[in-house]
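Undergrad: my_file.cif (mmCIF, C-alpha atoms and all ligand atoms) pasted underneath:
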```cif
data_model
#
loop_
_atom_site.label_atom_id
_atom_site.label_comp_id
_atom_site.auth_asym_id
_atom_site.auth_seq_id
_atom_site.Cartn_x
_atom_site.Cartn_y
_atom_site.Cartn_z
CA MET A 1 -21.18 -9.13 -20.26
CA ARG A 2 -21.54 -12.20 -22.52
CA ALA A 3 -20.09 -10.29 -25.48
CA ALA A 4 -17.29 -8.86 -23.36
CA ARG A 5 -16.35 -12.35 -22.23
CA HIS A 6 -16.52 -13.63 -25.76
CA THR A 7 -14.17 -11.02 -27.17
CA LEU A 8 -11.73 -10.83 -24.29
CA GLY A 9 -8.26 -12.08 -23.93
CA VAL A 10 -6.33 -14.76 -25.68
CA THR A 11 -3.16 -12.93 -26.69
CA GLU A 12 -0.53 -11.59 -24.29
CA SER A 13 -1.39 -7.96 -25.03
CA GLU A 14 -5.02 -8.68 -24.36
CA LYS A 15 -4.13 -10.32 -21.07
CA LYS A 16 -2.15 -7.24 -20.12
CA ALA A 17 -5.03 -4.97 -21.06
CA ARG A 18 -7.32 -7.08 -18.92
CA TYR A 19 -4.88 -6.74 -16.03
CA SER A 20 -5.11 -2.97 -16.34
CA LEU A 21 -8.83 -3.28 -15.74
CA CYS A 22 -8.61 -5.70 -12.85
CA GLY A 23 -11.38 -5.30 -10.35
CA LEU A 24 -13.20 -2.72 -12.44
CA PRO A 25 -16.71 -3.31 -13.77
CA LEU A 26 -15.51 -4.39 -17.19
CA ALA A 27 -18.98 -4.86 -18.65
CA ARG A 28 -19.75 -1.17 -18.13
CA TYR A 29 -16.72 -0.11 -20.16
CA ALA A 30 -17.01 -2.79 -22.80
CA ARG A 31 -20.66 -1.93 -23.51
CA GLY A 32 -19.82 1.61 -24.58
CA ALA A 33 -16.80 0.42 -26.52
CA ARG A 34 -18.63 -2.20 -28.57
CA SER A 35 -20.94 0.32 -30.08
CA SER A 36 -18.02 2.53 -31.14
CA VAL A 37 -15.68 -0.07 -32.59
CA GLY A 38 -17.93 -2.78 -33.88
CA ASP A 39 -16.20 -6.12 -34.10
CA LYS A 40 -12.56 -5.09 -34.45
CA GLY A 41 -11.21 -7.36 -31.75
CA ALA A 42 -10.61 -7.36 -28.07
CA ALA A 43 -7.44 -5.25 -27.97
CA THR A 44 -9.02 -2.38 -29.93
CA GLU A 45 -12.16 -2.73 -27.93
CA LEU A 46 -10.26 -2.44 -24.70
CA ALA A 47 -8.30 0.54 -25.97
CA TYR A 48 -11.59 2.31 -26.62
CA ALA A 49 -12.98 1.03 -23.36
CA LEU A 50 -10.09 2.48 -21.43
CA SER A 51 -10.73 5.90 -22.92
CA ALA A 52 -14.33 5.86 -21.65
CA ALA A 53 -13.28 7.58 -18.44
CA PRO A 54 -15.91 7.97 -15.73
CA GLN A 55 -16.88 11.35 -14.34
CA PHE A 56 -16.17 11.60 -10.62
CA ASP A 57 -18.95 13.66 -9.12
CA ALA A 58 -19.13 15.87 -6.01
CA ALA A 59 -20.56 13.05 -3.89
CA PHE A 60 -17.64 10.82 -4.82
CA ARG A 61 -15.16 13.58 -4.04
CA ALA A 62 -16.71 14.13 -0.62
CA THR A 63 -16.54 10.41 0.15
CA PHE A 64 -12.98 10.26 -1.15
CA ALA A 65 -12.00 13.15 1.15
CA GLU A 66 -13.53 11.19 4.04
CA LEU A 67 -11.50 8.16 3.08
CA LEU A 68 -8.31 10.25 3.18
CA ALA A 69 -9.25 11.85 6.49
CA TRP A 70 -10.26 8.55 8.12
CA ARG A 71 -7.26 6.54 6.93
CA ARG A 72 -5.31 5.89 10.10
CA ASP A 73 -2.04 4.29 11.00
CA VAL A 74 -3.34 1.40 13.09
CA ARG A 75 -1.43 -0.30 15.93
CA HIS A 76 -4.31 -2.05 17.72
CA PHE A 77 -5.93 -4.94 15.82
CA ARG A 78 -8.80 -7.27 16.52
CA THR A 79 -7.33 -10.75 16.90
CA GLU A 80 -10.72 -12.45 16.52
CA GLU A 81 -11.11 -11.53 12.86
CA ALA A 82 -8.86 -11.53 9.80
CA PRO A 83 -9.32 -10.17 6.27
CA ASP A 84 -10.34 -12.85 3.80
CA GLU A 85 -8.12 -14.04 0.97
CA ALA A 86 -10.30 -12.55 -1.77
CA THR A 87 -10.04 -9.10 -0.19
CA LEU A 88 -6.29 -9.40 0.14
CA ALA A 89 -5.96 -10.47 -3.49
CA GLU A 90 -8.04 -7.47 -4.50
CA LEU A 91 -5.78 -5.14 -2.49
CA PHE A 92 -2.66 -6.48 -4.21
CA HIS A 93 -4.34 -5.94 -7.57
CA LEU A 94 -5.34 -2.40 -6.70
CA ALA A 95 -1.84 -1.57 -5.44
CA ALA A 96 -0.61 -2.32 -8.96
CA PHE A 97 -2.60 0.66 -10.25
CA ALA A 98 -0.16 2.98 -8.46
CA PRO A 99 2.28 4.94 -10.59
CA SER A 100 5.82 3.62 -10.91
CA VAL A 101 8.86 5.09 -12.60
CA GLY A 102 9.06 3.86 -16.19
CA ASN A 103 6.09 1.63 -15.29
CA CYS A 104 8.71 -0.69 -13.81
CA GLN A 105 6.50 -1.96 -10.95
CA PRO A 106 9.42 -2.63 -8.57
CA THR A 107 7.27 -3.45 -5.53
CA ARG A 108 7.59 -6.90 -3.96
CA PHE A 109 5.20 -7.88 -1.17
CA VAL A 110 6.37 -10.60 1.20
CA ARG A 111 3.54 -12.03 3.25
CA VAL A 112 4.99 -13.05 6.58
CA ASP A 113 2.92 -15.97 7.94
CA ASP A 114 5.61 -18.04 9.60
CA GLU A 115 5.51 -17.63 13.40
CA ALA A 116 9.28 -17.95 13.85
CA ARG A 117 9.90 -15.19 11.31
CA ARG A 118 7.23 -13.02 12.92
CA ALA A 119 8.92 -13.54 16.29
CA SER A 120 12.24 -12.41 14.83
CA ILE A 121 10.58 -9.26 13.41
CA ARG A 122 9.09 -8.53 16.85
CA ALA A 123 12.51 -8.96 18.47
CA ASN A 124 13.99 -6.66 15.84
CA PHE A 125 11.35 -4.03 16.62
CA GLU A 126 11.84 -4.34 20.41
CA ALA A 127 15.60 -3.78 20.03
CA ALA A 128 15.23 -0.83 17.64
CA ASN A 129 12.49 0.72 19.76
CA HIS A 130 14.57 0.39 22.92
CA GLU A 131 17.47 2.09 21.18
CA ALA A 132 15.17 4.86 19.91
CA LEU A 133 13.88 5.49 23.42
CA GLY A 134 17.46 6.00 24.59
CA ALA A 135 17.83 8.93 22.20
CA TYR A 136 15.20 10.97 24.10
CA GLY A 137 15.40 12.53 27.52
CA GLY A 138 13.05 13.91 30.16
CA GLU A 139 9.37 14.35 29.33
CA ARG A 140 9.84 13.25 25.69
CA ALA A 141 11.38 9.97 26.80
CA ALA A 142 8.53 9.34 29.21
CA LEU A 143 6.00 10.10 26.48
CA TYR A 144 7.84 7.93 23.93
CA ALA A 145 7.86 5.02 26.35
CA ARG A 146 4.07 5.19 26.60
CA LEU A 147 3.47 5.10 22.82
CA LYS A 148 2.40 1.92 21.08
CA LEU A 149 4.35 2.01 17.85
CA ALA A 150 3.53 -1.33 16.21
CA GLY A 151 0.74 -3.89 16.08
CA LEU A 152 3.12 -6.79 15.52
CA SER A 153 1.65 -8.98 18.26
CA ASP A 154 -1.94 -8.86 17.09
CA ALA A 155 -2.07 -7.99 13.35
CA PRO A 156 -3.43 -11.06 11.53
CA ILE A 157 -1.76 -10.15 8.24
CA GLN A 158 1.81 -8.90 8.08
CA LEU A 159 3.57 -7.75 4.94
CA ALA A 160 7.16 -6.78 4.40
CA VAL A 161 7.34 -4.51 1.39
CA PHE A 162 10.47 -4.37 -0.72
CA CYS A 163 11.66 -2.54 -3.81
CA ASP A 164 13.48 -4.58 -6.44
CA GLU A 165 16.38 -2.28 -7.36
CA ALA A 166 17.50 -4.67 -10.11
CA THR A 167 14.27 -5.01 -12.03
CA GLU A 168 14.70 -4.69 -15.77
CA GLN A 169 11.09 -3.71 -16.22
CA GLY A 170 10.77 -0.11 -17.31
CA HIS A 171 14.06 -0.37 -19.27
CA GLY A 172 15.75 2.15 -17.02
CA LEU A 173 13.36 4.99 -17.86
CA GLY A 174 13.48 7.70 -15.21
CA VAL A 175 16.03 6.09 -12.93
CA ARG A 176 19.30 7.18 -14.54
CA THR A 177 19.62 10.38 -12.50
CA MET A 178 17.34 9.37 -9.64
CA ALA A 179 17.59 5.66 -8.85
CA GLU A 180 15.62 6.32 -5.66
CA THR A 181 12.48 6.84 -7.76
CA ARG A 182 12.09 3.04 -7.76
CA ARG A 183 11.65 3.26 -3.98
CA TYR A 184 9.24 6.16 -4.31
CA SER A 185 7.24 3.93 -6.67
CA THR A 186 7.01 1.29 -3.96
CA VAL A 187 5.77 3.89 -1.49
CA CYS A 188 3.08 4.88 -4.03
CA ALA A 189 2.02 1.22 -4.30
CA LEU A 190 1.80 0.67 -0.59
CA HIS A 191 -0.12 3.89 -0.07
CA THR A 192 -2.61 2.73 -2.70
CA PHE A 193 -2.85 -0.57 -0.82
CA TRP A 194 -3.38 1.38 2.42
CA LEU A 195 -6.25 3.51 1.08
CA SER A 196 -7.87 0.55 -0.64
CA ALA A 197 -7.71 -1.41 2.61
CA ARG A 198 -9.33 1.46 4.51
CA ALA A 199 -12.11 1.60 1.92
CA ARG A 200 -12.85 -2.04 2.82
CA GLY A 201 -12.94 -1.39 6.57
CA LEU A 202 -9.39 -2.62 7.15
CA GLY A 203 -6.64 -0.88 9.05
CA VAL A 204 -2.96 -0.73 8.10
CA GLY A 205 -0.03 0.21 10.31
CA TRP A 206 3.40 1.08 8.93
CA VAL A 207 6.30 -0.09 11.08
CA SER A 208 9.70 1.41 10.35
CA ILE A 209 11.37 1.05 13.74
CA LEU A 210 13.33 -1.92 12.42
CA ASP A 211 16.81 -2.78 11.21
CA PRO A 212 16.34 -3.28 7.44
CA GLY A 213 19.37 -5.56 7.04
CA VAL A 214 18.08 -7.94 9.70
CA ILE A 215 14.61 -7.97 8.10
CA ALA A 216 16.01 -8.88 4.67
CA GLU A 217 17.99 -11.70 6.24
CA ALA A 218 15.09 -12.98 8.34
CA LEU A 219 12.89 -13.13 5.26
CA ASP A 220 15.54 -14.54 2.94
CA VAL A 221 14.89 -12.18 0.02
CA PRO A 222 17.21 -11.38 -2.93
CA ARG A 223 20.04 -8.96 -2.22
CA ALA A 224 18.73 -6.45 -4.75
CA TRP A 225 15.51 -5.97 -2.80
CA THR A 226 15.54 -2.89 -0.56
CA PHE A 227 13.33 -3.00 2.51
CA ILE A 228 10.75 -0.20 2.40
CA ALA A 229 8.09 -0.95 5.00
CA TYR A 230 6.59 -3.54 7.29
CA LEU A 231 2.80 -3.39 7.23
CA CYS A 232 0.44 -4.73 9.86
CA VAL A 233 -3.00 -5.35 8.37
CA GLY A 234 -6.32 -6.26 9.97
CA PHE A 235 -9.45 -4.84 11.55
CA ALA A 236 -8.78 -1.90 13.85
CA ARG A 237 -9.91 -2.19 17.47
CA GLU A 238 -11.15 1.41 17.35
CA GLU A 239 -11.82 4.01 14.67
CA HIS A 240 -10.43 7.51 15.14
CA LEU A 241 -10.46 10.66 13.08
CA ILE A 242 -7.41 12.02 14.92
CA PRO A 243 -4.02 10.28 14.49
CA GLU A 244 -2.85 8.29 17.49
CA LEU A 245 0.37 10.30 17.87
CA GLU A 246 -1.67 13.50 17.94
CA ARG A 247 -4.06 12.09 20.56
CA ALA A 248 -1.07 11.02 22.65
CA GLY A 249 0.38 14.56 22.57
CA TRP A 250 3.43 13.59 20.51
CA GLN A 251 2.85 15.50 17.28
CA ALA A 252 -0.22 17.11 15.74
CA ARG A 253 -0.91 17.03 12.02
CA GLU A 254 -0.06 20.23 10.17
CA ALA A 255 -0.51 21.34 6.60
CA HIS A 256 2.47 21.14 4.24
CA PRO A 257 4.09 24.48 3.48
CA VAL A 258 3.62 25.55 -0.13
CA VAL A 259 6.09 28.10 -1.38
CA ARG A 260 6.10 29.97 -4.67
CA ARG A 261 9.11 30.96 -6.68
C1 LIG B 1 7.36 6.22 6.35
C2 LIG B 1 6.50 6.01 7.56
C3 LIG B 1 6.98 5.28 8.62
C4 LIG B 1 6.20 5.09 9.76
N1 LIG B 1 6.68 4.32 10.81
C5 LIG B 1 5.90 4.14 11.90
C6 LIG B 1 6.33 3.30 12.98
O1 LIG B 1 7.39 2.68 12.95
N2 LIG B 1 5.53 3.18 14.05
C7 LIG B 1 4.34 3.83 14.14
O2 LIG B 1 3.64 3.69 15.14
N3 LIG B 1 3.89 4.59 13.11
C8 LIG B 1 4.64 4.75 12.01
N4 LIG B 1 4.17 5.50 10.97
C9 LIG B 1 2.81 6.09 11.06
C10 LIG B 1 2.87 7.56 11.45
O3 LIG B 1 3.20 7.69 12.79
C11 LIG B 1 1.48 8.12 11.15
O4 LIG B 1 1.25 8.07 9.78
C12 LIG B 1 1.35 9.56 11.63
O5 LIG B 1 1.47 9.64 13.01
C13 LIG B 1 -0.01 10.16 11.22
O6 LIG B 1 -1.06 9.33 11.66
P1 LIG B 1 -2.11 8.71 10.65
O7 LIG B 1 -1.35 7.85 9.67
O8 LIG B 1 -3.05 7.92 11.50
O9 LIG B 1 -2.77 9.85 9.95
C14 LIG B 1 4.92 5.68 9.84
C15 LIG B 1 4.42 6.40 8.74
C16 LIG B 1 5.20 6.56 7.61
C17 LIG B 1 4.63 7.32 6.45
#
```
What is this structure when it is put down as structure tokens?
TA:
Amino acid sequence: MRAARHTLGVTESEKKARYSLCGLPLARYARGARSSVGDKGAATELAYALSAAPQFDAAFRATFAELLAWRRDVRHFRTEEAPDEATLAELFHLAAFAPSVGNCQPTRFVRVDDEARRASIRANFEAANHEALGAYGGERAALYARLKLAGLSDAPIQLAVFCDEATEQGHGLGVRTMAETRRYSTVCALHTFWLSARARGLGVGWVSILDPGVIAEALDVPRAWTFIAYLCVGFAREEHLIPELERAGWQAREAHPVVRR
């Protein structure tokens, strides 16, 4: 570790390389790299280090499958406990490992702490949810009315997630014919955040029953930022293997069709 520290990061490219490794056990990679490259400098060392890919074994795959199966959309949060700042910082770092079109990293997280702004988001949700209820009739309407579709009143951490449609990062690669791929990139980032949170015992709930224009205004963000998601983050009141909508009788999970041509 001492040698890794000694050789790491003064130039911009080295700093970027270090960012690519954020949160990973750098010493483990650097050790193998030193023996193969000698003293050729930190950037070369890191390039070698990055190629020293780990082998993911069967035990890891089984645990990873459990993580996927036990990730839940959470609407009920413990108000007595909040994630600590170090964990949150780690989650933002890990989200940056997600793929993005042209490597443009268009995702912008807005942490909503201000109570007045939170109240306006809640009002926005109440209005949109009331309108949504009106679109159903009979049994479906009665069932919809019983669903809890957001944890806005009790989630200790709340994040509005935007996509910067005007970012110059990535130099336009991949977005000429499909500009929406920037938004898909943001979804990849927030899903990475979601899984990483679950791996740390945290729950995340995605709220989309909102008017995006009103959200952007309430949070005073640049016009070029498209609203993608509002995330409620915290410790879940209960853990479940079955999605809440499935348990409530709204919609069960099904496999995706796969067709061949
Ligand atoms: C794009 C998107 C938008 C969603 N919006 C909401 C929402 O507004 N309210 C809600 O309760 N759940 C919302 N969800 C969560 C889904 O209802 C949930 O993922 C689904 O029922 C499966 O449950 P699970 O995530 O626990 O596996 C959303 C999920 C996605 C991917």
Undergrad: Do you have the atom CA of A:Ala142-atom CA of A:Gly213 distance handy?
TA: 28.8 Å
Undergrad: Figure out the distance between atom CA of A:Cys188 and atom CA of A:Ala98, please, to one decimal in Å.
TA: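 Spanning atom CA of A:Ala98 to atom CA of A:Cys188 is a straight-line distance of 5.8 Å.
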Undergrad: With all atoms listed in the file counted, collect every polymer residue having an atom within 10 Å of ligand LIG 1 (chain B); state the result as an NGL selection string.
TA: :A and (68-75 or 125 or 128-129 or 147-151 or 187 or 191 or 194 or 203-210 or 228-231 or 240-247 or 250-253)
Undergrad: Would you pick out the contacts of A:Phe235 at 12 Å or less, using only C-alpha atoms, so that residues sharing its chain but fewer than 2 positions from it are not included, and give the list as a ChimeraX atom specification?
TA: /A:72-84,151,154-157,197-205,232-233,237-239
Undergrad: Find the residues near A:Gly174: any atom within 12 Å, counting only C-alpha atoms, skip ones fewer than 2 places away on the same chain, and give them as a PyMOL selection string.
TA: chain A and resi 100-104+169-172+176-182+184-185
Undergrad: Is it possible to get the residues within 12 Å of (16.3, -10.9, 16.4) (coordinates as in the file, counting only C-alpha atoms) written as a PyMOL selection string?
TA: chain A and resi 116-128+210-219
Undergrad: Taking into account only C-alpha atoms, which residue in the set A:Arg223, A:His256, A:Ala189, A:Gly138 is nearest to A:Ala96?
TA: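 Closest residue, counting only C-alpha atoms: A:Ala189.
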Undergrad: Around all the atoms of stretch 223-233 of chain A listed in the file, with 4 Å of room on each side, what axis-aligned box do you get, giving centre and edge lengths in Å to one decimal, as JSON?
TA:
```
{"center_x": 8.5, "center_y": -4.6, "center_z": 2.6, "size_x": 31.0, "size_y": 16.8, "size_z": 22.6}
```
Undergrad: When you draw a straight line from atom CA of A:Ala224 to atom CA of A:Leu195, how long is it in Å?
TA: 27.5 Å
